[in-house]
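J.: Take a look at target-v6.txt, compact mmCIF, C-alpha atoms:
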```txt
# COMPACT_ATOMS: atom_id res chain seq x y z
CA MET Q 1 88.80 121.05 111.76
CA ASP Q 2 88.67 118.17 109.25
CA THR Q 3 85.66 115.91 109.84
CA GLU Q 4 86.63 113.30 107.25
CA VAL Q 5 87.77 110.30 109.28
CA LEU Q 6 90.11 108.98 106.57
CA ALA Q 7 91.47 112.32 105.38
CA GLY Q 8 94.90 111.93 103.81
CA LYS Q 9 94.95 108.14 103.99
CA VAL Q 10 95.87 105.89 101.06
CA ALA Q 11 93.65 102.82 100.73
CA VAL Q 12 93.73 99.74 98.52
CA VAL Q 13 90.53 97.74 98.06
CA THR Q 14 90.47 94.49 96.09
CA GLY Q 15 87.33 93.04 94.60
CA ALA Q 16 86.12 96.61 94.19
CA ASN Q 17 84.19 96.21 90.92
CA SER Q 18 80.82 95.95 92.64
CA GLY Q 19 78.98 94.98 95.79
CA ILE Q 20 80.72 95.27 99.14
CA GLY Q 21 84.11 96.21 97.69
CA LEU Q 22 82.67 99.07 95.67
CA ALA Q 23 80.64 100.29 98.64
CA ILE Q 24 83.78 100.31 100.80
CA ALA Q 25 85.79 102.18 98.17
CA LYS Q 26 83.04 104.78 97.77
CA ARG Q 27 82.76 105.29 101.54
CA PHE Q 28 86.52 105.58 101.94
CA ALA Q 29 86.70 108.23 99.23
CA ALA Q 30 83.80 110.13 100.78
CA GLU Q 31 85.74 110.14 104.04
CA GLY Q 32 88.81 111.71 102.44
CA ALA Q 33 90.94 108.73 101.36
CA ARG Q 34 92.81 108.25 98.11
CA VAL Q 35 91.54 104.86 96.95
CA PHE Q 36 93.07 102.30 94.61
CA LEU Q 37 90.45 99.87 93.34
CA ALA Q 38 91.42 96.43 92.06
CA GLY Q 39 89.08 94.17 90.13
CA ARG Q 40 89.22 91.45 87.50
CA ARG Q 41 86.81 92.98 84.98
CA GLN Q 42 87.92 96.15 83.25
CA GLU Q 43 84.54 97.57 82.23
CA PRO Q 44 82.88 97.56 85.68
CA LEU Q 45 86.18 98.71 87.20
CA ASP Q 46 86.22 101.72 84.89
CA ALA Q 47 82.59 102.44 85.80
CA ALA Q 48 83.39 102.26 89.52
CA VAL Q 49 86.29 104.69 89.16
CA ALA Q 50 84.12 107.09 87.15
CA GLU Q 51 81.43 106.91 89.84
CA ILE Q 52 83.85 107.70 92.66
CA GLY Q 53 85.73 110.43 90.86
CA PRO Q 54 89.26 111.88 91.12
CA ALA Q 55 90.02 110.19 94.44
CA ALA Q 56 89.93 106.78 92.75
CA THR Q 57 92.41 104.87 90.61
CA GLY Q 58 91.53 101.53 89.06
CA VAL Q 59 93.94 98.68 88.38
CA ARG Q 60 92.75 95.50 86.70
CA ALA Q 61 94.00 92.64 88.85
CA ASP Q 62 93.09 89.05 89.63
CA VAL Q 63 94.34 88.43 93.17
CA SER Q 64 94.96 84.76 92.40
CA VAL Q 65 97.63 85.85 89.89
CA GLN Q 66 100.77 87.13 91.55
CA ALA Q 67 101.92 89.14 88.55
CA ASP Q 68 98.64 91.08 88.71
CA LEU Q 69 99.25 91.87 92.37
CA ASP Q 70 102.77 93.03 91.53
CA GLU Q 71 101.34 95.40 88.94
CA LEU Q 72 98.75 96.69 91.42
CA TYR Q 73 101.37 97.55 94.02
CA ASP Q 74 103.70 99.03 91.42
CA VAL Q 75 100.93 101.52 90.57
CA VAL Q 76 100.31 102.27 94.25
CA ARG Q 77 104.04 102.75 94.87
CA ASP Q 78 104.46 105.06 91.90
CA GLU Q 79 101.38 107.18 92.53
CA ALA Q 80 101.08 107.24 96.33
CA GLY Q 81 104.20 105.68 97.84
CA ARG Q 82 102.47 103.93 100.72
CA VAL Q 83 99.39 102.04 101.94
CA ASP Q 84 97.59 103.16 105.09
CA VAL Q 85 94.54 100.91 104.69
CA LEU Q 86 94.36 97.58 102.88
CA VAL Q 87 91.05 95.81 102.32
CA ALA Q 88 91.60 92.26 101.05
CA ASN Q 89 88.03 91.85 99.88
CA ALA Q 90 88.24 89.84 96.64
CA GLY Q 91 86.51 86.50 96.98
CA GLY Q 92 84.23 84.07 95.30
CA ALA Q 93 82.30 80.84 95.64
CA VAL Q 94 81.53 77.91 93.35
CA PRO Q 95 78.36 76.16 94.61
CA GLU Q 96 79.05 72.42 94.84
CA ARG Q 97 78.12 69.77 97.39
CA LEU Q 98 80.08 66.84 98.79
CA GLY Q 99 79.85 64.06 96.24
CA GLU Q 100 79.86 66.55 93.38
CA LEU Q 101 83.01 68.52 94.24
CA THR Q 102 85.54 69.11 91.51
CA GLU Q 103 89.21 69.94 91.68
CA GLU Q 104 88.55 73.01 89.52
CA ALA Q 105 86.00 74.41 91.98
CA ILE Q 106 88.30 73.87 94.96
CA ASP Q 107 91.26 75.43 93.17
CA ALA Q 108 89.20 78.43 92.08
CA THR Q 109 87.75 79.06 95.53
CA PHE Q 110 90.96 78.62 97.50
CA GLY Q 111 93.01 80.34 94.81
CA THR Q 112 91.05 83.56 95.23
CA ASN Q 113 89.89 83.43 98.84
CA VAL Q 114 92.99 82.01 100.53
CA LYS Q 115 96.03 82.27 98.25
CA GLY Q 116 94.80 85.58 96.90
CA THR Q 117 94.33 86.97 100.39
CA VAL Q 118 97.74 85.77 101.54
CA PHE Q 119 99.60 87.42 98.69
CA THR Q 120 97.44 90.54 98.70
CA VAL Q 121 98.66 91.09 102.25
CA GLN Q 122 102.22 89.83 101.87
CA LYS Q 123 102.99 91.89 98.78
CA ALA Q 124 101.64 95.02 100.49
CA LEU Q 125 104.06 94.74 103.43
CA PRO Q 126 106.85 96.92 101.97
CA LEU Q 127 104.34 99.72 101.37
CA LEU Q 128 102.47 99.61 104.68
CA SER Q 129 102.80 102.73 106.79
CA ASP Q 130 103.28 102.49 110.56
CA GLY Q 131 99.91 101.86 112.12
CA ALA Q 132 98.35 100.63 108.88
CA SER Q 133 95.00 98.89 109.09
CA ILE Q 134 94.49 95.62 107.22
CA ILE Q 135 90.89 94.47 106.81
CA VAL Q 136 90.22 90.99 105.45
CA THR Q 137 86.72 90.18 104.29
CA GLY Q 138 85.50 86.98 105.89
CA SER Q 139 82.00 85.54 106.08
CA THR Q 140 79.50 84.12 108.54
CA SER Q 141 80.13 80.91 106.58
CA ASP Q 142 83.36 80.48 108.55
CA ARG Q 143 81.25 79.34 111.51
CA ARG Q 144 77.88 78.62 109.91
CA PRO Q 145 78.52 76.92 106.56
CA GLU Q 146 75.68 76.45 104.12
CA GLN Q 147 75.00 73.25 102.20
CA GLY Q 148 76.53 73.51 98.79
CA LEU Q 149 78.97 76.18 99.95
CA GLU Q 150 81.14 74.06 102.22
CA ILE Q 151 84.33 74.77 100.26
CA TYR Q 152 83.60 78.50 100.45
CA GLY Q 153 83.03 78.18 104.21
CA ALA Q 154 86.27 76.28 104.62
CA SER Q 155 88.15 78.97 102.71
CA LYS Q 156 86.75 81.68 104.96
CA ALA Q 157 87.61 79.68 108.08
CA ALA Q 158 91.18 79.50 106.77
CA VAL Q 159 91.21 83.29 106.30
CA ARG Q 160 90.00 83.79 109.88
CA ASN Q 161 92.83 81.63 111.19
CA LEU Q 162 95.37 83.48 109.07
CA VAL Q 163 94.30 86.78 110.60
CA ARG Q 164 94.74 85.35 114.09
CA SER Q 165 98.30 84.43 113.16
CA TRP Q 166 99.02 87.75 111.46
CA ALA Q 167 97.76 89.68 114.49
CA LEU Q 168 100.73 88.28 116.40
CA SER Q 169 102.99 90.22 114.04
CA ALA Q 170 101.31 93.54 114.79
CA ARG Q 171 104.04 94.79 117.13
CA GLU Q 172 106.89 93.85 114.82
CA ARG Q 173 105.18 94.94 111.59
CA LYS Q 174 103.44 97.97 113.12
CA PHE Q 175 100.10 97.18 111.56
CA ARG Q 176 96.81 95.83 112.86
CA VAL Q 177 94.66 93.30 111.09
CA ASN Q 178 91.02 92.34 111.52
CA VAL Q 179 88.32 90.30 109.80
CA LEU Q 180 85.10 91.89 108.59
CA SER Q 181 82.50 89.13 108.19
CA PRO Q 182 79.25 90.08 106.45
CA GLY Q 183 76.13 88.02 106.64
CA PRO Q 184 73.82 87.68 103.64
CA THR Q 185 74.18 90.96 101.77
CA ASP Q 186 72.25 92.18 98.74
CA THR Q 187 75.03 92.01 96.15
CA PRO Q 188 75.46 90.58 92.65
CA GLY Q 189 77.81 87.99 94.14
CA LEU Q 190 75.16 86.59 96.47
CA ALA Q 191 72.57 86.57 93.73
CA GLY Q 192 75.00 84.55 91.61
CA VAL Q 193 75.19 81.64 94.08
CA VAL Q 194 71.77 81.76 95.83
CA GLU Q 195 68.61 81.40 93.79
CA GLN Q 196 66.04 82.34 96.44
CA LEU Q 197 67.29 85.43 98.27
CA GLY Q 198 64.03 85.69 100.20
CA GLN Q 199 64.66 82.30 101.80
CA VAL Q 200 68.06 83.51 102.92
CA ALA Q 201 66.63 86.72 104.38
CA VAL Q 202 64.26 84.86 106.70
CA GLN Q 203 67.25 83.18 108.36
CA VAL Q 204 68.48 86.57 109.55
CA PRO Q 205 67.07 87.69 112.92
CA LEU Q 206 66.57 91.20 111.55
CA GLY Q 207 64.46 89.66 108.78
CA ARG Q 208 66.30 91.12 105.81
CA LEU Q 209 69.48 91.07 103.79
CA GLY Q 210 72.24 93.50 104.61
CA HIS Q 211 73.10 96.43 102.36
CA PRO Q 212 76.67 96.95 101.12
CA ASP Q 213 76.68 100.43 102.70
CA GLU Q 214 76.14 98.83 106.12
CA ILE Q 215 79.23 96.70 105.66
CA ALA Q 216 81.17 99.72 104.40
CA ALA Q 217 80.29 101.67 107.54
CA VAL Q 218 82.01 99.10 109.75
CA ALA Q 219 84.95 98.87 107.36
CA THR Q 220 85.37 102.63 107.70
CA PHE Q 221 85.56 102.31 111.48
CA LEU Q 222 88.18 99.57 111.20
CA ALA Q 223 90.14 101.70 108.74
CA SER Q 224 90.05 104.78 110.94
CA ASP Q 225 92.17 105.79 113.90
CA ALA Q 226 89.11 105.27 116.11
CA SER Q 227 89.85 101.53 116.01
CA SER Q 228 93.55 101.89 116.82
CA PHE Q 229 93.43 99.26 119.62
CA VAL Q 230 91.41 96.71 117.64
CA ASN Q 231 93.58 93.82 116.41
CA GLY Q 232 92.99 90.18 115.52
CA ALA Q 233 89.22 90.49 115.91
CA GLU Q 234 86.34 89.31 113.77
CA TRP Q 235 83.56 91.82 113.24
CA TYR Q 236 80.27 90.24 112.21
CA VAL Q 237 77.90 92.50 110.29
CA ASP Q 238 75.18 89.92 109.82
CA GLY Q 239 71.92 91.04 111.38
CA GLY Q 240 72.53 88.40 114.06
CA GLN Q 241 72.56 85.44 111.67
CA ALA Q 242 75.66 83.74 113.03
CA GLN Q 243 75.20 84.89 116.61
CA ILE Q 244 72.28 82.75 117.75
```
Taking this structure as input, can you express it in the form of structure tokens?

T.:
Amino acid sequence: MDTEVLAGKVAVVTGANSGIGLAIAKRFAAEGARVFLAGRRQEPLDAAVAEIGPAATGVRADVSVQADLDELYDVVRDEAGRVDVLVANAGGAVPERLGELTEEAIDATFGTNVKGTVFTVQKALPLLSDGASIIVTGSTSDRRPEQGLEIYGASKAAVRNLVRSWALSARERKFRVNVLSPGPTDTPGLAGVVEQLGQVAVQVPLGRLGHPDEIAAVATFLASDASSFVNGAEWYVDGGQAQI
């Protein structure tokens, strides 16, 4: 009896160069999935694929660029023919406060986090298998925005609302879609926008930052058949930060 919960599944993970995306891709592969990793930077993408091994294929793609997404799905179509699990994880933040906001920062944040998520999902539709699981990476910032990251929080609130709308299409499209919202997690991305990680950790009721593997564990559940009746939900993996 096969004990790998994702055995035989084909998964696509965006933003898989490092951090949470890489942890999810590694966990999926360990659980038997064929994983296509998408990331903007070729060198770390190649390193991620080498770390995971033969179950992984890397495609350089910026989700804010539609031609890159087309290329990603062309590779998936040619090599696997379908998508059973899609993790729209690519995201980013430009720290700026009200009064200092720039058009460039807003365009960059919404271009990746909102537009990129929309087209990552929409362009996957022709490849989705019946019962496919779509997981969109959100954030506790969608309900508890931080000063200086208000545009990021707004982008994640938009993503949460999109998933609510997409969940209504589950019967027609034969997929299910959920939001996975990490709290402060020890990743290069967090370190790039927060100078004092220790100050962030004390805001978490558990008293520490999350680890990417902890987020990946919940993503694996949402990707698996064990969550077959879960749709339109937001799963917080935040040590309680946004819950009290």

J.: Distance CA of Val49 (chain Q)-CA of Lys156 (chain Q), one decimal place?

T.: 27.9 Å

J.: Pick from Q:Ala23, Q:Ala223, Q:Trp235, Q:Gly183: nearest to Glu51 (chain Q), with all atoms listed in the file counted?

T.: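 Between Q:Ala23, Q:Ala223, Q:Trp235, Q:Gly183, the residue approaching Glu51 (chain Q) most closely is Q:Ala23.
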
J.: Report the distance between CA of Val87 (chain Q) and CA of Phe110 (chain Q) in Å, rounded to one decimal place.

T.: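 Pair CA of Val87 (chain Q) / CA of Phe110 (chain Q) returns 17.9 Å.
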
J.: May I have the protein, DNA and RNA residues with any atom at most 9 Å from the point (87.3, 89.5, 114.0), counting all atoms listed in the file, written as a ChimeraX atom specification?

T.: /Q:138,160,163-164,177-181,231-236

J.: Quick one: residues within 6 Å of region 24-29 of chain Q, all atoms listed in the file counted, chain neighbours fewer than 4 positions away excluded, as a list in words?

T.: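 Those residues are Ala33, Ile52 and Ala216 of chain Q.
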
J.: Give me, please, the distance in Å between CA of Val200 (chain Q) and CA of Thr102 (chain Q), quoted to one decimal.

T.: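 Answer for the CA of Val200 (chain Q) to CA of Thr102 (chain Q) separation: 25.4 Å.
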
J.: Would you pick out the contacts of Asn113 (chain Q) at 10 Å or less, using only C-alpha atoms, so that residues sharing its chain but fewer than 6 positions from it are not included, and give the list as a CSV table (one decimal) with C-alpha atoms, in the coordinates of the input?

T.:
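The new file around.csv reads:
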```csv
chain,number,residue,atom,x,y,z
Q,63,VAL,CA,94.3,88.4,93.2
Q,64,SER,CA,95.0,84.8,92.4
Q,88,ALA,CA,91.6,92.3,101.0
Q,89,ASN,CA,88.0,91.8,99.9
Q,90,ALA,CA,88.2,89.8,96.6
Q,91,GLY,CA,86.5,86.5,97.0
Q,92,GLY,CA,84.2,84.1,95.3
Q,93,ALA,CA,82.3,80.8,95.6
Q,107,ASP,CA,91.3,75.4,93.2
Q,137,THR,CA,86.7,90.2,104.3
Q,138,GLY,CA,85.5,87.0,105.9
Q,152,TYR,CA,83.6,78.5,100.4
Q,154,ALA,CA,86.3,76.3,104.6
Q,155,SER,CA,88.2,79.0,102.7
Q,156,LYS,CA,86.8,81.7,105.0
Q,158,ALA,CA,91.2,79.5,106.8
Q,159,VAL,CA,91.2,83.3,106.3
```

J.: For Glu31 (chain Q), find every residue with an atom within 6 Å (counting all atoms listed in the file), except residues of its own chain fewer than 3 positions away, and show them as number ranges by chain.

T.: Q: 4-6, 28

J.: Which is closest to Gly148 (chain Q) among Q:Ser129, Q:Val121, Q:Ala170, Q:Gly99, if we use all atoms listed in the file?

T.: Q:Gly99

J.: Got a sec: who's within 8 Å of Ile151 (chain Q), counting only C-alpha atoms, leaving out chain neighbours fewer than 6 positions off, as a list of chain:residue names?

T.: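 Listing them by chain and then by number gives Q:Ala93, Q:Glu96, Q:Ile106, Q:Thr109.
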